[in-house]
Amino acid sequence: MEIRLAEPADAEAIRRIYNHEVTSSTVTFDLVPRTLDEQLEWLEARSGAHAVLVADDDGEVVGFASLSPYRDRPAYSTTVEDSVYVATQARGRGVGRMLLEELVKLATQHGFHTIMARIVGGHEASIALHRSVGFEVVGTEREVGRKFGRWLDVVVMQRLL
């Protein structure tokens, strides 16, 4: 398994992994699947310090992780938000941990000060993953999202670099 920077050629695999979660789970609050053009735009916007990593398993992208701006005001520029997604067939093999560990290293190399994670309430696997890489729960936003007819909490986690 190789963890590497994403390339435009990875956009379709990233889109497939992400859209599966959009349509079948609450781990993302997006409601509409991304088009390939939208995925390419998203990837292009994360080609510098706000980067995307992929887990490449012998030529197949089985997961991805990204750093995104936390907020748009200048004082937040040293804070980023992470996202980690693993394809269903690759779960339980440590792919998420490999991606998140590399993402933390990358954020440190790029000079960021803190990483925030916003995780849907009840997603214990993601909360445990983030804890295992040094994140701490700093709060819960109650019923801030609605998907599949349910109100959803967001657990906020943070790691200082």
# chains A, B, ... in the order shown; residues from 1 in each chain; ligands from 1

$ residues_around --residues "segment 114-123 of chain A" --least-positions-apart "5" --cutoff "10 Å" --atoms "only C-alpha atoms" --output "PyMOL selection string"
chain A and resi 26-29+67-70+76+78-84+103-104+107-108+128+130+135-145+152-161

$ write_last_selection --atoms "N, CA and C atoms" --output "tab-separated table (two decimals), in the first residue's frame"
chain	number	residue	atom	x	y	z
A	26	THR	N	-24.35	8.88	6.58
A	26	THR	CA	-24.37	10.24	7.13
A	26	THR	C	-22.97	10.76	7.43
A	27	VAL	N	-21.93	10.08	6.99
A	27	VAL	CA	-20.57	10.53	7.30
A	27	VAL	C	-20.21	11.82	6.56
A	28	THR	N	-20.91	12.12	5.50
A	28	THR	CA	-20.80	13.43	4.86
A	28	THR	C	-22.19	14.05	4.86
A	29	PHE	N	-22.24	15.36	5.00
A	29	PHE	CA	-23.53	16.04	4.99
A	29	PHE	C	-23.90	16.50	3.59
A	67	LEU	N	-6.79	17.86	3.35
A	67	LEU	CA	-6.73	19.04	4.21
A	67	LEU	C	-7.46	20.15	3.49
A	68	SER	N	-8.40	20.77	4.18
A	68	SER	CA	-9.19	21.87	3.61
A	68	SER	C	-9.09	23.07	4.55
A	69	PRO	N	-9.29	24.27	4.00
A	69	PRO	CA	-9.33	25.44	4.88
A	69	PRO	C	-10.42	25.25	5.93
A	70	TYR	N	-10.14	25.67	7.16
A	70	TYR	CA	-11.11	25.53	8.24
A	70	TYR	C	-12.18	26.60	8.15
A	76	TYR	N	-7.74	32.37	10.56
A	76	TYR	CA	-7.84	30.92	10.62
A	76	TYR	C	-6.85	30.21	9.67
A	78	THR	N	-3.90	29.20	9.65
A	78	THR	CA	-3.00	28.15	10.13
A	78	THR	C	-3.77	26.94	10.69
A	79	THR	N	-5.08	26.96	10.53
A	79	THR	CA	-5.92	25.84	10.96
A	79	THR	C	-6.53	25.18	9.73
A	80	VAL	N	-6.53	23.85	9.72
A	80	VAL	CA	-7.13	23.11	8.61
A	80	VAL	C	-8.11	22.08	9.15
A	81	GLU	N	-8.98	21.61	8.27
A	81	GLU	CA	-9.92	20.55	8.60
A	81	GLU	C	-9.56	19.33	7.77
A	82	ASP	N	-9.59	18.16	8.41
A	82	ASP	CA	-9.26	16.94	7.67
A	82	ASP	C	-10.51	16.17	7.28
A	83	SER	N	-10.38	15.36	6.27
A	83	SER	CA	-11.40	14.39	5.85
A	83	SER	C	-10.67	13.11	5.49
A	84	VAL	N	-11.26	11.98	5.87
A	84	VAL	CA	-10.69	10.67	5.54
A	84	VAL	C	-11.83	9.77	5.09
A	103	LEU	N	-1.35	12.47	6.65
A	103	LEU	CA	-1.97	13.79	6.56
A	103	LEU	C	-1.47	14.70	7.68
A	104	VAL	N	-1.31	14.15	8.88
A	104	VAL	CA	-0.77	14.93	10.00
A	104	VAL	C	0.66	15.36	9.70
A	107	ALA	N	0.50	18.16	7.09
A	107	ALA	CA	0.04	19.42	7.69
A	107	ALA	C	1.17	20.07	8.48
A	108	THR	N	1.93	19.27	9.19
A	108	THR	CA	3.07	19.78	9.95
A	108	THR	C	4.11	20.37	9.01
A	128	ALA	N	-12.57	6.95	16.98
A	128	ALA	CA	-11.46	6.13	17.47
A	128	ALA	C	-10.21	6.31	16.61
A	130	HIS	N	-9.34	8.97	14.88
A	130	HIS	CA	-8.74	10.26	15.19
A	130	HIS	C	-8.07	10.26	16.56
A	135	PHE	N	-5.84	13.09	18.24
A	135	PHE	CA	-6.91	14.08	18.30
A	135	PHE	C	-7.67	13.93	19.61
A	136	GLU	N	-8.23	15.04	20.10
A	136	GLU	CA	-9.06	15.04	21.29
A	136	GLU	C	-10.42	15.64	20.96
A	137	VAL	N	-11.46	15.12	21.60
A	137	VAL	CA	-12.79	15.71	21.45
A	137	VAL	C	-12.80	17.05	22.17
A	138	VAL	N	-13.23	18.10	21.45
A	138	VAL	CA	-13.30	19.43	22.05
A	138	VAL	C	-14.73	19.95	22.12
A	139	GLY	N	-15.67	19.19	21.60
A	139	GLY	CA	-17.06	19.61	21.71
A	139	GLY	C	-17.98	18.82	20.81
A	140	THR	N	-19.27	19.08	20.98
A	140	THR	CA	-20.30	18.47	20.14
A	140	THR	C	-21.27	19.55	19.72
A	141	GLU	N	-21.52	19.63	18.44
A	141	GLU	CA	-22.54	20.54	17.91
A	141	GLU	C	-23.82	19.70	17.78
A	142	ARG	N	-24.84	20.07	18.49
A	142	ARG	CA	-26.08	19.28	18.56
A	142	ARG	C	-27.02	19.59	17.40
A	143	GLU	N	-27.48	18.53	16.73
A	143	GLU	CA	-28.50	18.61	15.69
A	143	GLU	C	-28.26	19.73	14.68
A	144	VAL	N	-27.02	19.79	14.16
A	144	VAL	CA	-26.68	20.83	13.19
A	144	VAL	C	-26.86	20.39	11.74
A	145	GLY	N	-27.09	19.11	11.53
A	145	GLY	CA	-27.31	18.59	10.19
A	145	GLY	C	-28.57	17.75	10.13
A	152	LEU	N	-28.71	15.33	13.01
A	152	LEU	CA	-27.39	14.77	13.22
A	152	LEU	C	-26.50	15.72	14.02
A	153	ASP	N	-25.80	15.16	15.00
A	153	ASP	CA	-24.80	15.91	15.75
A	153	ASP	C	-23.45	15.84	15.02
A	154	VAL	N	-22.57	16.75	15.37
A	154	VAL	CA	-21.20	16.72	14.87
A	154	VAL	C	-20.27	16.77	16.08
A	155	VAL	N	-19.40	15.76	16.17
A	155	VAL	CA	-18.36	15.74	17.19
A	155	VAL	C	-17.15	16.47	16.62
A	156	VAL	N	-16.66	17.45	17.37
A	156	VAL	CA	-15.52	18.24	16.94
A	156	VAL	C	-14.28	17.74	17.66
A	157	MET	N	-13.25	17.38	16.88
A	157	MET	CA	-11.99	16.91	17.45
A	157	MET	C	-10.87	17.82	16.94
A	158	GLN	N	-9.78	17.86	17.70
A	158	GLN	CA	-8.68	18.77	17.38
A	158	GLN	C	-7.34	18.10	17.72
A	159	ARG	N	-6.36	18.40	16.88
A	159	ARG	CA	-4.99	18.02	17.17
A	159	ARG	C	-4.09	19.21	16.94
A	160	LEU	N	-3.39	19.62	17.98
A	160	LEU	CA	-2.38	20.67	17.84
A	160	LEU	C	-1.12	20.05	17.27
A	161	LEU	N	-0.48	20.75	16.35
A	161	LEU	CA	0.73	20.22	15.71
A	161	LEU	C	1.98	20.82	16.35

$ closest_atom_pairs --of "segment 25-52 of chain A" --to "segment 4-7 of chain A" --cutoff "12 Å" --atoms "only C-alpha atoms" --output "tab-separated table"
residue	atom	partner	partner_atom	distance
A:Gln39	CA	A:Glu7	CA	11.6
A:Leu40	CA	A:Glu7	CA	9.6
A:Trp42	CA	A:Ala6	CA	11.5
A:Leu43	CA	A:Ala6	CA	7.9
A:Glu44	CA	A:Glu7	CA	9.0
A:Ala45	CA	A:Ala6	CA	11.9
A:Arg46	CA	A:Ala6	CA	9.3
A:Ser47	CA	A:Ala6	CA	8.4
A:Gly48	CA	A:Leu5	CA	10.4
A:Ala49	CA	A:Leu5	CA	11.3
A:His50	CA	A:Leu5	CA	11.1
A:Ala51	CA	A:Leu5	CA	7.3
A:Val52	CA	A:Ala6	CA	5.5

$ write_last_selection --atoms "N, CA and C atoms" --output "PDB file, in the first residue's frame"
ATOM      1  N   GLN A  39     -15.539  17.010  -9.006  1.00  0.00           N
ATOM      2  CA  GLN A  39     -14.458  16.338  -8.276  1.00  0.00           C
ATOM      3  C   GLN A  39     -13.104  16.854  -8.733  1.00  0.00           C
ATOM      4  N   LEU A  40     -12.955  17.077 -10.030  1.00  0.00           N
ATOM      5  CA  LEU A  40     -11.694  17.632 -10.543  1.00  0.00           C
ATOM      6  C   LEU A  40     -11.454  19.040  -9.995  1.00  0.00           C
ATOM      7  N   TRP A  42     -12.602  20.222  -7.135  1.00  0.00           N
ATOM      8  CA  TRP A  42     -12.273  20.027  -5.725  1.00  0.00           C
ATOM      9  C   TRP A  42     -10.812  19.631  -5.570  1.00  0.00           C
ATOM     10  N   LEU A  43     -10.364  18.717  -6.396  1.00  0.00           N
ATOM     11  CA  LEU A  43      -8.983  18.244  -6.347  1.00  0.00           C
ATOM     12  C   LEU A  43      -8.012  19.366  -6.700  1.00  0.00           C
ATOM     13  N   GLU A  44      -8.333  20.137  -7.713  1.00  0.00           N
ATOM     14  CA  GLU A  44      -7.470  21.245  -8.124  1.00  0.00           C
ATOM     15  C   GLU A  44      -7.342  22.289  -7.017  1.00  0.00           C
ATOM     16  N   ALA A  45      -8.416  22.528  -6.274  1.00  0.00           N
ATOM     17  CA  ALA A  45      -8.392  23.501  -5.177  1.00  0.00           C
ATOM     18  C   ALA A  45      -7.524  23.004  -4.019  1.00  0.00           C
ATOM     19  N   ARG A  46      -7.167  21.740  -4.019  1.00  0.00           N
ATOM     20  CA  ARG A  46      -6.345  21.154  -2.963  1.00  0.00           C
ATOM     21  C   ARG A  46      -5.040  20.620  -3.552  1.00  0.00           C
ATOM     22  N   SER A  47      -4.389  21.426  -4.348  1.00  0.00           N
ATOM     23  CA  SER A  47      -3.148  20.977  -4.971  1.00  0.00           C
ATOM     24  C   SER A  47      -1.921  21.641  -4.367  1.00  0.00           C
ATOM     25  N   GLY A  48      -2.101  22.490  -3.365  1.00  0.00           N
ATOM     26  CA  GLY A  48      -0.981  23.140  -2.682  1.00  0.00           C
ATOM     27  C   GLY A  48      -0.896  22.638  -1.256  1.00  0.00           C
ATOM     28  N   ALA A  49      -0.855  23.581  -0.312  1.00  0.00           N
ATOM     29  CA  ALA A  49      -0.776  23.210   1.104  1.00  0.00           C
ATOM     30  C   ALA A  49      -2.016  22.453   1.555  1.00  0.00           C
ATOM     31  N   HIS A  50      -3.161  22.797   0.979  1.00  0.00           N
ATOM     32  CA  HIS A  50      -4.396  22.057   1.259  1.00  0.00           C
ATOM     33  C   HIS A  50      -4.435  20.879   0.281  1.00  0.00           C
ATOM     34  N   ALA A  51      -3.804  19.794   0.683  1.00  0.00           N
ATOM     35  CA  ALA A  51      -3.520  18.692  -0.227  1.00  0.00           C
ATOM     36  C   ALA A  51      -4.476  17.518  -0.045  1.00  0.00           C
ATOM     37  N   VAL A  52      -4.410  16.602  -1.002  1.00  0.00           N
ATOM     38  CA  VAL A  52      -5.162  15.345  -0.951  1.00  0.00           C
ATOM     39  C   VAL A  52      -4.163  14.199  -1.101  1.00  0.00           C
TER      40      VAL A  52
END

$ closest_residue --among "A:Ala9, A:Met1, A:Leu31, A:Ala55" --to "Leu100 of chain A" --atoms "only C-alpha atoms"
A:Ala55

$ select_by_dssp --residues "segment 48-156 of chain A" --states "alpha helix (DSSP H)" --output "list in words"
Val95, Gly96, Arg97, Met98, Leu99, Leu100, Glu101, Glu102, Leu103, Val104, Lys105, Leu106, Ala107, Thr108, Gln109, Glu124, Ala125, Ser126, Ile127, Ala128, Leu129, His130, Arg131 and Ser132 of chain A

$ atom_distance --atom1 "atom CA of Glu38 of chain A" --atom2 "atom CA of Asp56 of chain A"
21.8 Å

$ residues_around --residues "Glu2 of chain A" --least-positions-apart "5" --cutoff "10 Å" --atoms "only C-alpha atoms" --output "ChimeraX atom specification"
/A:53-59,61,95,98-99

$ write_last_selection --atoms "N, CA, C and O atoms" --output "CSV table (one decimal), in the first residue's frame"
chain,number,residue,atom,x,y,z
A,53,LEU,N,-4.3,13.2,-0.2
A,53,LEU,CA,-3.5,12.0,-0.3
A,53,LEU,C,-4.5,10.9,-0.7
A,53,LEU,O,-5.6,10.9,-0.4
A,54,VAL,N,-3.9,9.9,-1.4
A,54,VAL,CA,-4.6,8.7,-1.7
A,54,VAL,C,-3.9,7.4,-1.2
A,54,VAL,O,-2.7,7.5,-1.1
A,55,ALA,N,-4.6,6.4,-0.9
A,55,ALA,CA,-4.1,5.1,-0.6
A,55,ALA,C,-4.2,4.3,-1.9
A,55,ALA,O,-5.3,4.0,-2.3
A,56,ASP,N,-3.0,3.9,-2.4
A,56,ASP,CA,-2.9,3.2,-3.7
A,56,ASP,C,-2.5,1.8,-3.4
A,56,ASP,O,-1.4,1.5,-2.9
A,57,ASP,N,-3.5,0.9,-3.6
A,57,ASP,CA,-3.2,-0.5,-3.4
A,57,ASP,C,-3.0,-1.2,-4.7
A,57,ASP,O,-4.0,-1.6,-5.4
A,58,ASP,N,-1.8,-1.3,-5.1
A,58,ASP,CA,-1.4,-1.9,-6.4
A,58,ASP,C,-2.2,-1.4,-7.6
A,58,ASP,O,-2.7,-2.1,-8.4
A,59,GLY,N,-2.2,0.0,-7.7
A,59,GLY,CA,-2.8,0.7,-8.8
A,59,GLY,C,-4.3,1.0,-8.6
A,59,GLY,O,-4.9,1.7,-9.4
A,61,VAL,N,-7.0,3.0,-6.2
A,61,VAL,CA,-7.2,3.9,-5.1
A,61,VAL,C,-8.3,3.4,-4.2
A,61,VAL,O,-9.5,3.2,-4.6
A,95,VAL,N,-6.1,1.3,6.5
A,95,VAL,CA,-5.9,2.3,5.5
A,95,VAL,C,-6.2,3.7,6.0
A,95,VAL,O,-5.5,4.6,5.8
A,98,MET,N,-3.3,4.9,8.1
A,98,MET,CA,-2.1,5.3,7.3
A,98,MET,C,-2.3,6.6,6.7
A,98,MET,O,-1.4,7.5,6.6
A,99,LEU,N,-3.5,6.8,6.1
A,99,LEU,CA,-3.9,8.1,5.5
A,99,LEU,C,-3.8,9.3,6.5
A,99,LEU,O,-3.2,10.3,6.2

$ atom_distance --atom1 "atom CA of Arg71 of chain A" --atom2 "atom CA of Glu12 of chain A"
27.0 Å

$ select_by_dssp --residues "segment 17-103 of chain A" --states "strand (DSSP E or B)" --output "list in words"
Val52, Leu53, Val54, Ala55, Asp56, Asp57, Glu60, Val61, Val62, Gly63, Phe64, Ala65, Ser66, Leu67, Ser68, Pro69, Thr79, Val80, Glu81, Asp82, Ser83, Val84, Tyr85 and Val86 of chain A

$ closest_residue --among "A:Ser126, A:Ser66, A:Asn19, A:Gln89" --to "Pro33 of chain A" --atoms "only C-alpha atoms"
A:Asn19
